[in-house]
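Undergrad: Sharing coords_1.cif, mmCIF, C-alpha atoms and all ligand atoms:
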```cif
data_run
loop_
_atom_site.label_atom_id
_atom_site.label_comp_id
_atom_site.auth_asym_id
_atom_site.auth_seq_id
_atom_site.Cartn_x
_atom_site.Cartn_y
_atom_site.Cartn_z
CA MET A 10 219.36 34.77 -52.86
CA THR A 11 219.52 33.56 -49.27
CA THR A 12 221.39 30.28 -49.07
CA TRP A 13 219.49 27.41 -47.50
CA MET A 14 220.21 25.62 -44.23
CA VAL A 15 219.38 22.02 -43.36
CA ALA A 16 219.86 21.39 -39.64
CA GLY A 17 219.47 18.06 -37.87
CA ASN A 18 218.16 18.29 -34.32
CA TRP A 19 219.06 14.92 -32.87
CA LYS A 20 217.14 15.69 -29.66
CA MET A 21 217.90 13.16 -26.87
CA ASN A 22 219.24 10.50 -29.20
CA ASN A 23 222.69 9.02 -29.94
CA THR A 24 225.58 8.19 -27.65
CA ALA A 25 228.98 9.57 -28.66
CA ALA A 26 229.80 6.42 -30.64
CA GLU A 27 226.44 6.50 -32.43
CA GLY A 28 226.74 10.22 -33.12
CA VAL A 29 230.24 9.83 -34.54
CA ALA A 30 229.07 7.02 -36.83
CA LEU A 31 226.10 9.08 -38.05
CA ALA A 32 228.23 12.18 -38.64
CA GLN A 33 230.80 10.11 -40.54
CA GLU A 34 228.08 8.70 -42.81
CA ILE A 35 226.73 12.20 -43.46
CA ILE A 36 230.18 13.58 -44.29
CA ALA A 37 230.88 10.60 -46.55
CA GLY A 38 227.64 11.08 -48.49
CA LEU A 39 227.59 14.88 -48.55
CA PRO A 40 227.48 16.43 -52.02
CA ASP A 41 229.30 19.69 -52.78
CA ILE A 42 227.30 22.38 -50.96
CA ALA A 43 229.90 25.16 -51.05
CA GLY A 44 228.26 28.52 -51.65
CA ARG A 45 224.85 26.88 -51.97
CA GLY A 46 223.76 26.07 -48.46
CA GLU A 47 224.72 25.00 -44.99
CA VAL A 48 224.36 21.72 -43.11
CA VAL A 49 224.23 21.79 -39.32
CA LEU A 50 224.17 18.96 -36.77
CA ALA A 51 222.77 19.41 -33.26
CA PRO A 52 223.72 16.49 -31.01
CA SER A 53 223.31 16.32 -27.23
CA PHE A 54 225.79 18.27 -25.10
CA THR A 55 227.84 15.17 -24.25
CA VAL A 56 228.22 14.30 -27.92
CA LEU A 57 229.13 17.75 -29.28
CA ARG A 58 232.88 17.42 -28.99
CA SER A 59 233.05 13.94 -30.54
CA VAL A 60 230.92 15.04 -33.49
CA TYR A 61 232.98 18.22 -33.84
CA ASP A 62 236.10 16.10 -34.27
CA VAL A 63 234.38 14.36 -37.20
CA ILE A 64 233.04 17.47 -38.97
CA LYS A 65 235.86 19.94 -38.46
CA GLY A 66 237.38 20.94 -41.78
CA SER A 67 234.17 19.93 -43.56
CA PRO A 68 231.33 22.26 -44.62
CA VAL A 69 229.15 20.86 -41.82
CA THR A 70 228.82 22.95 -38.66
CA LEU A 71 227.69 22.21 -35.13
CA ALA A 72 224.78 23.47 -33.01
CA SER A 73 223.76 22.93 -29.43
CA GLN A 74 220.12 22.18 -28.61
CA ASN A 75 219.99 24.74 -25.81
CA ILE A 76 222.14 27.25 -23.93
CA PHE A 77 221.93 29.02 -20.58
CA PHE A 78 221.86 32.80 -20.36
CA GLU A 79 224.37 33.29 -17.54
CA ASP A 80 228.13 33.20 -18.10
CA LYS A 81 229.14 31.00 -15.16
CA GLY A 82 228.39 30.19 -11.55
CA ALA A 83 226.03 28.14 -9.41
CA TYR A 84 223.61 26.91 -12.08
CA THR A 85 223.77 23.14 -11.68
CA GLY A 86 223.11 21.31 -14.91
CA GLU A 87 223.38 24.32 -17.22
CA ILE A 88 225.82 25.04 -20.06
CA SER A 89 227.21 28.46 -20.99
CA ALA A 90 227.81 30.00 -24.39
CA ALA A 91 231.58 29.93 -23.80
CA MET A 92 231.41 26.18 -23.08
CA LEU A 93 229.47 25.61 -26.28
CA ARG A 94 231.95 27.63 -28.32
CA ASP A 95 234.70 25.61 -26.66
CA ALA A 96 232.96 22.39 -27.75
CA GLY A 97 232.95 23.60 -31.37
CA CYS A 98 229.46 25.06 -31.76
CA THR A 99 228.68 27.71 -34.35
CA TYR A 100 224.93 27.75 -33.67
CA ALA A 101 222.58 27.22 -30.72
CA ILE A 102 218.95 26.15 -31.06
CA ILE A 103 216.88 28.30 -28.73
CA GLY A 104 213.27 28.07 -27.56
CA HIS A 105 212.41 24.71 -29.10
CA SER A 106 208.77 23.87 -28.30
CA GLU A 107 209.91 20.82 -26.30
CA ARG A 108 211.92 23.15 -24.06
CA ARG A 109 208.98 25.52 -23.77
CA LYS A 110 206.63 22.61 -22.95
CA TYR A 111 208.70 20.37 -20.67
CA PHE A 112 211.11 22.90 -19.17
CA HIS A 113 208.81 25.90 -18.95
CA GLU A 114 210.93 28.19 -21.11
CA THR A 115 209.29 31.56 -21.59
CA ASP A 116 209.67 34.14 -24.32
CA GLY A 117 211.65 36.13 -21.74
CA ASN A 118 214.12 33.26 -21.25
CA VAL A 119 214.39 32.86 -25.00
CA ASN A 120 215.23 36.55 -25.38
CA LEU A 121 217.97 36.35 -22.71
CA LYS A 122 219.42 33.30 -24.43
CA VAL A 123 219.38 34.97 -27.85
CA LYS A 124 221.21 37.97 -26.41
CA LYS A 125 223.78 35.78 -24.67
CA CYS A 126 224.33 33.77 -27.81
CA LEU A 127 224.98 36.81 -29.98
CA ALA A 128 227.21 38.44 -27.38
CA ALA A 129 229.32 35.27 -27.25
CA GLY A 130 229.63 34.87 -31.01
CA LEU A 131 227.18 31.98 -31.30
CA LYS A 132 224.39 32.19 -33.86
CA PRO A 133 220.89 31.53 -32.52
CA ILE A 134 218.33 29.37 -34.32
CA ILE A 135 215.15 30.65 -32.68
CA CYS A 136 212.19 28.26 -32.69
CA VAL A 137 208.61 29.50 -32.80
CA GLY A 138 205.30 27.81 -33.56
CA GLU A 139 201.70 27.40 -32.55
CA THR A 140 199.97 24.43 -30.91
CA ASP A 141 197.09 22.51 -32.45
CA GLU A 142 194.61 24.35 -30.21
CA GLU A 143 196.03 27.71 -31.17
CA ARG A 144 195.75 26.93 -34.89
CA GLU A 145 192.19 25.65 -34.38
CA ALA A 146 191.36 28.89 -32.57
CA GLY A 147 192.69 30.92 -35.51
CA ILE A 148 195.42 32.63 -33.48
CA THR A 149 198.49 31.21 -35.21
CA GLU A 150 199.78 34.59 -36.39
CA PHE A 151 199.03 36.23 -33.05
CA VAL A 152 201.02 33.55 -31.18
CA VAL A 153 203.93 33.35 -33.61
CA GLY A 154 204.08 37.15 -33.88
CA ILE A 155 204.49 37.51 -30.11
CA GLN A 156 207.13 34.75 -29.99
CA VAL A 157 209.18 36.38 -32.75
CA LYS A 158 208.95 39.90 -31.36
CA LYS A 159 209.73 38.90 -27.78
CA ALA A 160 212.65 36.66 -28.82
CA LEU A 161 214.20 39.57 -30.69
CA ALA A 162 213.42 42.37 -28.22
CA GLY A 163 216.50 44.59 -27.94
CA ILE A 164 218.31 42.87 -30.83
CA ASN A 165 219.20 45.43 -33.46
CA ASP A 166 220.98 43.27 -36.03
CA LEU A 167 219.59 40.17 -37.71
CA ALA A 168 222.82 39.21 -39.45
CA HIS A 169 223.47 36.11 -37.33
CA VAL A 170 219.87 35.20 -36.57
CA THR A 171 217.98 32.22 -38.00
CA ILE A 172 214.29 31.63 -37.26
CA ALA A 173 212.73 28.16 -37.33
CA TYR A 174 208.96 27.94 -37.72
CA GLU A 175 207.94 24.64 -36.17
CA PRO A 176 204.20 24.20 -35.75
CA VAL A 177 203.95 22.13 -32.55
CA TRP A 178 201.23 19.91 -34.05
CA ALA A 179 203.59 18.90 -36.86
CA ILE A 180 206.54 17.84 -34.67
CA GLY A 181 207.08 14.11 -34.57
CA THR A 182 203.51 13.48 -35.75
CA GLY A 183 204.05 12.75 -39.44
CA LYS A 184 201.51 15.56 -40.02
CA ASN A 185 203.61 18.24 -41.73
CA ALA A 186 202.20 21.64 -42.64
CA THR A 187 201.36 21.86 -46.34
CA PRO A 188 203.71 24.09 -48.32
CA VAL A 189 200.96 26.72 -48.54
CA GLU A 190 200.21 26.59 -44.80
CA ALA A 191 203.89 26.85 -43.96
CA GLU A 192 204.55 29.63 -46.48
CA GLU A 193 201.72 31.73 -45.04
CA VAL A 194 203.42 31.77 -41.64
CA HIS A 195 206.92 32.17 -43.09
CA GLU A 196 205.76 35.20 -45.07
CA PHE A 197 204.08 36.58 -41.96
CA ILE A 198 207.35 36.18 -40.00
CA ARG A 199 209.33 37.80 -42.84
CA ASN A 200 206.93 40.75 -42.80
CA ILE A 201 207.39 41.22 -39.06
CA LEU A 202 211.17 41.18 -39.51
CA SER A 203 210.95 43.63 -42.43
CA ASP A 204 208.77 46.01 -40.42
CA VAL A 205 211.35 46.13 -37.64
CA TYR A 206 214.66 45.66 -39.48
CA GLY A 207 213.93 46.79 -43.04
CA SER A 208 215.58 45.23 -46.07
CA PRO A 209 218.14 42.98 -44.25
CA ALA A 210 215.16 40.79 -43.30
CA VAL A 211 215.11 39.53 -46.89
CA GLU A 212 218.36 37.69 -46.11
CA THR A 213 217.22 36.12 -42.83
CA ARG A 214 216.84 32.38 -43.04
CA ILE A 215 213.46 31.11 -41.94
CA LEU A 216 213.52 27.32 -41.60
CA TYR A 217 210.51 25.03 -41.50
CA GLY A 218 210.42 22.19 -38.98
CA GLY A 219 207.85 19.48 -38.32
CA SER A 220 207.83 16.01 -39.88
CA VAL A 221 210.18 17.04 -42.70
CA THR A 222 211.23 14.14 -44.93
CA ALA A 223 213.01 13.84 -48.26
CA ASP A 224 209.56 13.16 -49.75
CA ASN A 225 207.85 16.34 -48.58
CA PHE A 226 210.76 18.77 -48.43
CA GLY A 227 211.06 19.44 -52.18
CA GLU A 228 207.70 21.24 -52.22
CA LEU A 229 208.40 23.08 -48.98
CA ILE A 230 211.80 24.44 -50.01
CA ALA A 231 210.32 25.62 -53.31
CA MET A 232 208.24 28.21 -51.40
CA LYS A 233 209.45 31.82 -51.47
CA ASP A 234 210.04 32.33 -47.76
CA ILE A 235 211.15 28.83 -46.76
CA ASN A 236 214.94 28.80 -46.57
CA GLY A 237 215.60 25.37 -45.16
CA ALA A 238 214.60 22.84 -42.55
CA LEU A 239 215.08 21.97 -38.91
CA VAL A 240 214.77 18.21 -39.01
CA GLY A 241 214.11 15.87 -36.09
CA GLY A 242 213.32 12.21 -36.76
CA ALA A 243 214.61 12.18 -40.34
CA SER A 244 217.99 13.52 -39.23
CA LEU A 245 218.75 10.32 -37.32
CA LYS A 246 219.38 8.20 -40.42
CA SER A 247 222.05 9.42 -42.81
CA GLY A 248 220.12 8.33 -45.93
CA ASN A 249 217.02 10.28 -44.91
CA PHE A 250 219.02 13.36 -43.93
CA LEU A 251 221.11 13.31 -47.11
CA GLY A 252 217.88 12.96 -49.10
CA ILE A 253 216.61 16.21 -47.55
CA ILE A 254 219.91 17.92 -48.40
CA SER A 255 219.51 16.74 -52.01
CA ARG A 256 216.05 18.40 -52.18
CA ALA A 257 217.61 21.63 -50.93
CA LEU A 258 220.36 21.44 -53.55
CA GLU A 259 217.73 21.02 -56.27
CA ARG A 260 216.39 24.41 -55.23
CA ASN A 261 219.71 25.95 -56.32
CA THR A 262 219.39 24.59 -59.85
P1 LIG B 1 210.43 16.00 -36.44
O1 LIG B 1 211.16 16.25 -37.74
O2 LIG B 1 210.75 14.69 -35.82
O3 LIG B 1 208.96 16.25 -36.60
O4 LIG B 1 210.97 17.10 -35.40
C1 LIG B 1 211.01 18.42 -35.79
C2 LIG B 1 211.75 19.19 -34.75
O5 LIG B 1 211.28 19.35 -33.64
C3 LIG B 1 213.08 19.71 -35.11
O6 LIG B 1 213.54 20.61 -34.16
#
```
Written as structure tokens, how would this file's structure read?
TA:
Amino acid sequence: MTTWMVAGNWKMNNTAAEGVALAQEIIAGLPDIAGRGEVVLAPSFTVLRSVYDVIKGSPVTLASQNIFFEDKGAYTGEISAAMLRDAGCTYAIIGHSERRKYFHETDGNVNLKVKKCLAAGLKPIICVGETDEEREAGITEFVVGIQVKKALAGINDLAHVTIAYEPVWAIGTGKNATPVEAEEVHEFIRNILSDVYGSPAVETRILYGGSVTADNFGELIAMKDINGALVGGASLKSGNFLGIISRALERNT
């Protein structure tokens, strides 16, 4: 069975001191997850190294919230894959809807970033999801299908790829997708991956993101094609985040 992943996307929150304190609380409260799942923290760029110093040697790994697709040069304000590896990252979140919305990231950019990530030995967590209007218009699968296919264009191995389905209308709204709504899209994504990559797609983690809490995650993680969570707001308090990890562990039993 695919092991689960619970990843905390801290977004633009936490100074280094705050991030270190939060990571220390998470490490202190973390149950034994060895062989059962993976916990990932995604602080801001400036906080990566400080958090890495707290988690190194623990089962928790580090992700960036973004990456740039060039190796080096005159790209003011951007961060390369090599820099992120250097800061201790194992994963990079790519194509989050906030980046698509506020920073005009396209599926083409996402694809370049996924390729750069994999070439540099970083594992991409690729975010996809429909807006409220798109769901209302009945084009959720059309939209998500295009996002998945374009993100993975030219990628011939899924081994290091994680997908996060984050319906935009569920992010930060307290309005999470029901387990059945989420599972429908997760299964649809799994089928796309299976069509292109065959049986290895069974092993690909597909995370759900959007107003995940310890209260609603138990029912979500019980669904066949939901392999974990990408958590925003509830990852900013250790108790809430550890509660979500506990729900994931219950899935193993
Ligand atoms: P919330 O959990 O705050 O809804 O955010 C989800 C998200 O965007 C994670 O990447």
Undergrad: If we count all atoms listed in the file and set the cut-off at 7 Å, which residues sit around stretch 174-178 of chain A, ignoring sequence neighbours fewer than 3 positions away in its own chain? Please answer as a list of chain:residue names.
TA: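 Skipping anything fewer than 3 positions along the chain leaves A:Ser106, A:Cys136, A:Val137, A:Gly138, A:Glu139, A:Thr140, A:Asp141, A:Ile215, A:Leu216, A:Tyr217, A:Gly218, A:Gly219.
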Undergrad: With distances taken over only C-alpha atoms, which of A:Arg45, A:Lys65, A:Lys20, A:Lys110 is nearest to A:Glu259?
TA: A:Arg45
Undergrad: Find the residue from A:Leu229, A:Ile134, A:Leu251, A:Ala30 that sits nearest to ligand LIG 1 (chain B); use all atoms listed in the file when measuring.
TA: A:Ile134
Undergrad: Hey, which residues come within 9 Å of ligand LIG 1 (chain B) if we count all atoms listed in the file? Could you give them as number ranges by chain?
TA: A: 16-20, 74, 102, 105-107, 136, 173, 175-185, 217-222, 238-244
Undergrad: Which of these residues is nearest to A:Arg214, using all atoms listed in the file: A:Ser89, A:Ser53, A:Thr12, A:Thr24?
TA: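 Closest to A:Arg214, using all atoms listed in the file: A:Thr12.
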Undergrad: With all atoms listed in the file as the counted atoms, please give the residues lying no more than 10 Å from A:Cys98, apart from itself and same-chain residues fewer than 6 positions off, as a PyMOL selection string.
TA: chain A and resi 49-51+57-58+61+70-73+90-92+130-132
Undergrad: I'd like to know which of A:Thr115, A:Thr213, A:Thr171, A:Gln156 is closest to A:Leu127, using only C-alpha atoms.
TA: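 Of the candidates, the smallest distance to A:Leu127 is held by A:Thr171.
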Undergrad: Can you tell me, as JSON, the centre and edge lengths (Å, one decimal) of the axis-aligned box enclosing all of stretch 50-62 of chain A's listed atoms after padding each side by 6 Å?
TA:
```
{"center_x": 229.4, "center_y": 16.7, "center_z": -30.5, "size_x": 25.3, "size_y": 17.5, "size_z": 24.5}
```
Undergrad: Quick one: everything within 7 Å of A:Val29, counting only C-alpha atoms, minus sequence neighbours fewer than 2 positions away in the same chain. Send it as JSON, numbers by chain.
TA: {"A": [25, 26, 27, 31, 32, 33, 59, 60, 63]}
Undergrad: Restricting the output to C-alpha atoms, write the selected residues as an mmCIF file, in the frame of the given file.
TA:
```
data_model
loop_
_atom_site.group_PDB
_atom_site.id
_atom_site.type_symbol
_atom_site.label_atom_id
_atom_site.label_comp_id
_atom_site.auth_asym_id
_atom_site.auth_seq_id
_atom_site.Cartn_x
_atom_site.Cartn_y
_atom_site.Cartn_z
ATOM 1 C CA ALA A 25 228.980 9.570 -28.660
ATOM 2 C CA ALA A 26 229.800 6.420 -30.640
ATOM 3 C CA GLU A 27 226.440 6.500 -32.430
ATOM 4 C CA LEU A 31 226.100 9.080 -38.050
ATOM 5 C CA ALA A 32 228.230 12.180 -38.640
ATOM 6 C CA GLN A 33 230.800 10.110 -40.540
ATOM 7 C CA SER A 59 233.050 13.940 -30.540
ATOM 8 C CA VAL A 60 230.920 15.040 -33.490
ATOM 9 C CA VAL A 63 234.380 14.360 -37.200
#
```
Undergrad: Between atom CA of A:Arg199 and atom CA of A:Ala186, measure the distance and give it in Å to one decimal.
TA: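 Distance reported for this atom pair: 17.7 Å.
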Undergrad: Can you work out which one of A:Val211, A:Ala191, A:Ile64, A:Leu121 has the shortest atom-to-atom distance to A:Ala231, counting all atoms listed in the file?
TA: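 Closest to A:Ala231, using all atoms listed in the file: A:Ala191.
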Undergrad: Using atom CA of A:Phe77 and atom CA of A:Ala96 as the two end points, give the distance in Å to one decimal.
TA: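 Computed distance, atom CA of A:Phe77 to atom CA of A:Ala96, equals 14.7 Å.
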Undergrad: Since the input is missing atoms, can you rebuild all heavy atoms for stretch 174-185 of chain A and write them as a JSON list (two decimals), in the coordinates of the input?
TA:
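That gives us selection.json:
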```json
[["chain", "number", "residue", "atom", "x", "y", "z"],
["A", 174, "TYR", "N", 210.40, 28.07, -37.97],
["A", 174, "TYR", "CA", 208.96, 27.94, -37.72],
["A", 174, "TYR", "C", 208.64, 26.46, -37.61],
["A", 174, "TYR", "O", 208.77, 25.71, -38.58],
["A", 174, "TYR", "CB", 208.14, 28.59, -38.84],
["A", 174, "TYR", "CG", 206.67, 28.23, -38.74],
["A", 174, "TYR", "CD1", 205.95, 28.52, -37.58],
["A", 174, "TYR", "CD2", 206.02, 27.59, -39.79],
["A", 174, "TYR", "CE1", 204.60, 28.17, -37.47],
["A", 174, "TYR", "CE2", 204.68, 27.23, -39.68],
["A", 174, "TYR", "CZ", 203.99, 27.53, -38.52],
["A", 174, "TYR", "OH", 202.67, 27.17, -38.41],
["A", 175, "GLU", "N", 208.26, 26.05, -36.41],
["A", 175, "GLU", "CA", 207.94, 24.64, -36.17],
["A", 175, "GLU", "C", 206.56, 24.55, -35.53],
["A", 175, "GLU", "O", 206.44, 24.68, -34.30],
["A", 175, "GLU", "CB", 208.96, 24.02, -35.22],
["A", 175, "GLU", "CG", 210.39, 24.05, -35.72],
["A", 175, "GLU", "CD", 211.23, 22.95, -35.08],
["A", 175, "GLU", "OE1", 211.27, 22.84, -33.85],
["A", 175, "GLU", "OE2", 211.82, 22.19, -35.84],
["A", 176, "PRO", "N", 205.53, 24.36, -36.34],
["A", 176, "PRO", "CA", 204.20, 24.20, -35.75],
["A", 176, "PRO", "C", 204.22, 22.98, -34.81],
["A", 176, "PRO", "O", 204.63, 21.89, -35.22],
["A", 176, "PRO", "CB", 203.27, 23.98, -36.94],
["A", 176, "PRO", "CG", 204.14, 23.73, -38.13],
["A", 176, "PRO", "CD", 205.52, 24.21, -37.81],
["A", 177, "VAL", "N", 203.80, 23.18, -33.56],
["A", 177, "VAL", "CA", 203.95, 22.13, -32.55],
["A", 177, "VAL", "C", 203.20, 20.87, -32.98],
["A", 177, "VAL", "O", 203.66, 19.74, -32.76],
["A", 177, "VAL", "CB", 203.47, 22.64, -31.18],
["A", 177, "VAL", "CG1", 203.57, 21.56, -30.11],
["A", 177, "VAL", "CG2", 204.28, 23.87, -30.76],
["A", 178, "TRP", "N", 202.06, 21.05, -33.63],
["A", 178, "TRP", "CA", 201.23, 19.91, -34.05],
["A", 178, "TRP", "C", 201.88, 19.09, -35.16],
["A", 178, "TRP", "O", 201.43, 17.98, -35.47],
["A", 178, "TRP", "CB", 199.85, 20.41, -34.50],
["A", 178, "TRP", "CG", 199.90, 21.56, -35.48],
["A", 178, "TRP", "CD1", 199.91, 22.88, -35.17],
["A", 178, "TRP", "CD2", 199.97, 21.48, -36.90],
["A", 178, "TRP", "NE1", 199.98, 23.64, -36.31],
["A", 178, "TRP", "CE2", 200.02, 22.80, -37.39],
["A", 178, "TRP", "CE3", 200.00, 20.42, -37.82],
["A", 178, "TRP", "CZ2", 200.09, 23.10, -38.74],
["A", 178, "TRP", "CZ3", 200.08, 20.72, -39.17],
["A", 178, "TRP", "CH2", 200.12, 22.05, -39.62],
["A", 179, "ALA", "N", 202.93, 19.62, -35.75],
["A", 179, "ALA", "CA", 203.59, 18.90, -36.86],
["A", 179, "ALA", "C", 204.86, 18.19, -36.39],
["A", 179, "ALA", "O", 205.47, 17.45, -37.16],
["A", 179, "ALA", "CB", 203.93, 19.88, -37.98],
["A", 180, "ILE", "N", 205.26, 18.40, -35.14],
["A", 180, "ILE", "CA", 206.54, 17.84, -34.67],
["A", 180, "ILE", "C", 206.36, 16.39, -34.25],
["A", 180, "ILE", "O", 205.58, 16.10, -33.34],
["A", 180, "ILE", "CB", 207.11, 18.69, -33.51],
["A", 180, "ILE", "CG1", 207.46, 20.08, -34.01],
["A", 180, "ILE", "CG2", 208.32, 18.00, -32.89],
["A", 180, "ILE", "CD1", 207.99, 21.02, -32.95],
["A", 181, "GLY", "N", 207.07, 15.53, -34.93],
["A", 181, "GLY", "CA", 207.08, 14.11, -34.57],
["A", 181, "GLY", "C", 205.75, 13.41, -34.80],
["A", 181, "GLY", "O", 205.52, 12.31, -34.31],
["A", 182, "THR", "N", 204.86, 14.03, -35.56],
["A", 182, "THR", "CA", 203.51, 13.48, -35.75],
["A", 182, "THR", "C", 203.32, 12.88, -37.13],
["A", 182, "THR", "O", 202.33, 12.20, -37.37],
["A", 182, "THR", "CB", 202.46, 14.59, -35.58],
["A", 182, "THR", "OG1", 202.74, 15.63, -36.54],
["A", 182, "THR", "CG2", 202.48, 15.16, -34.18],
["A", 183, "GLY", "N", 204.23, 13.18, -38.06],
["A", 183, "GLY", "CA", 204.05, 12.75, -39.44],
["A", 183, "GLY", "C", 203.04, 13.63, -40.16],
["A", 183, "GLY", "O", 202.69, 13.39, -41.32],
["A", 184, "LYS", "N", 202.56, 14.68, -39.47],
["A", 184, "LYS", "CA", 201.51, 15.56, -40.02],
["A", 184, "LYS", "C", 202.16, 16.91, -40.36],
["A", 184, "LYS", "O", 202.04, 17.86, -39.61],
["A", 184, "LYS", "CB", 200.47, 15.76, -38.92],
["A", 184, "LYS", "CG", 199.06, 15.95, -39.39],
["A", 184, "LYS", "CD", 198.06, 15.86, -38.24],
["A", 184, "LYS", "CE", 198.23, 16.89, -37.14],
["A", 184, "LYS", "NZ", 197.17, 16.96, -36.17],
["A", 185, "ASN", "N", 202.91, 16.97, -41.44],
["A", 185, "ASN", "CA", 203.61, 18.24, -41.73],
["A", 185, "ASN", "C", 202.63, 19.30, -42.25],
["A", 185, "ASN", "O", 201.59, 18.96, -42.81],
["A", 185, "ASN", "CB", 204.75, 18.03, -42.73],
["A", 185, "ASN", "CG", 204.26, 17.68, -44.10],
["A", 185, "ASN", "OD1", 203.66, 16.63, -44.30],
["A", 185, "ASN", "ND2", 204.50, 18.54, -45.05]]
```
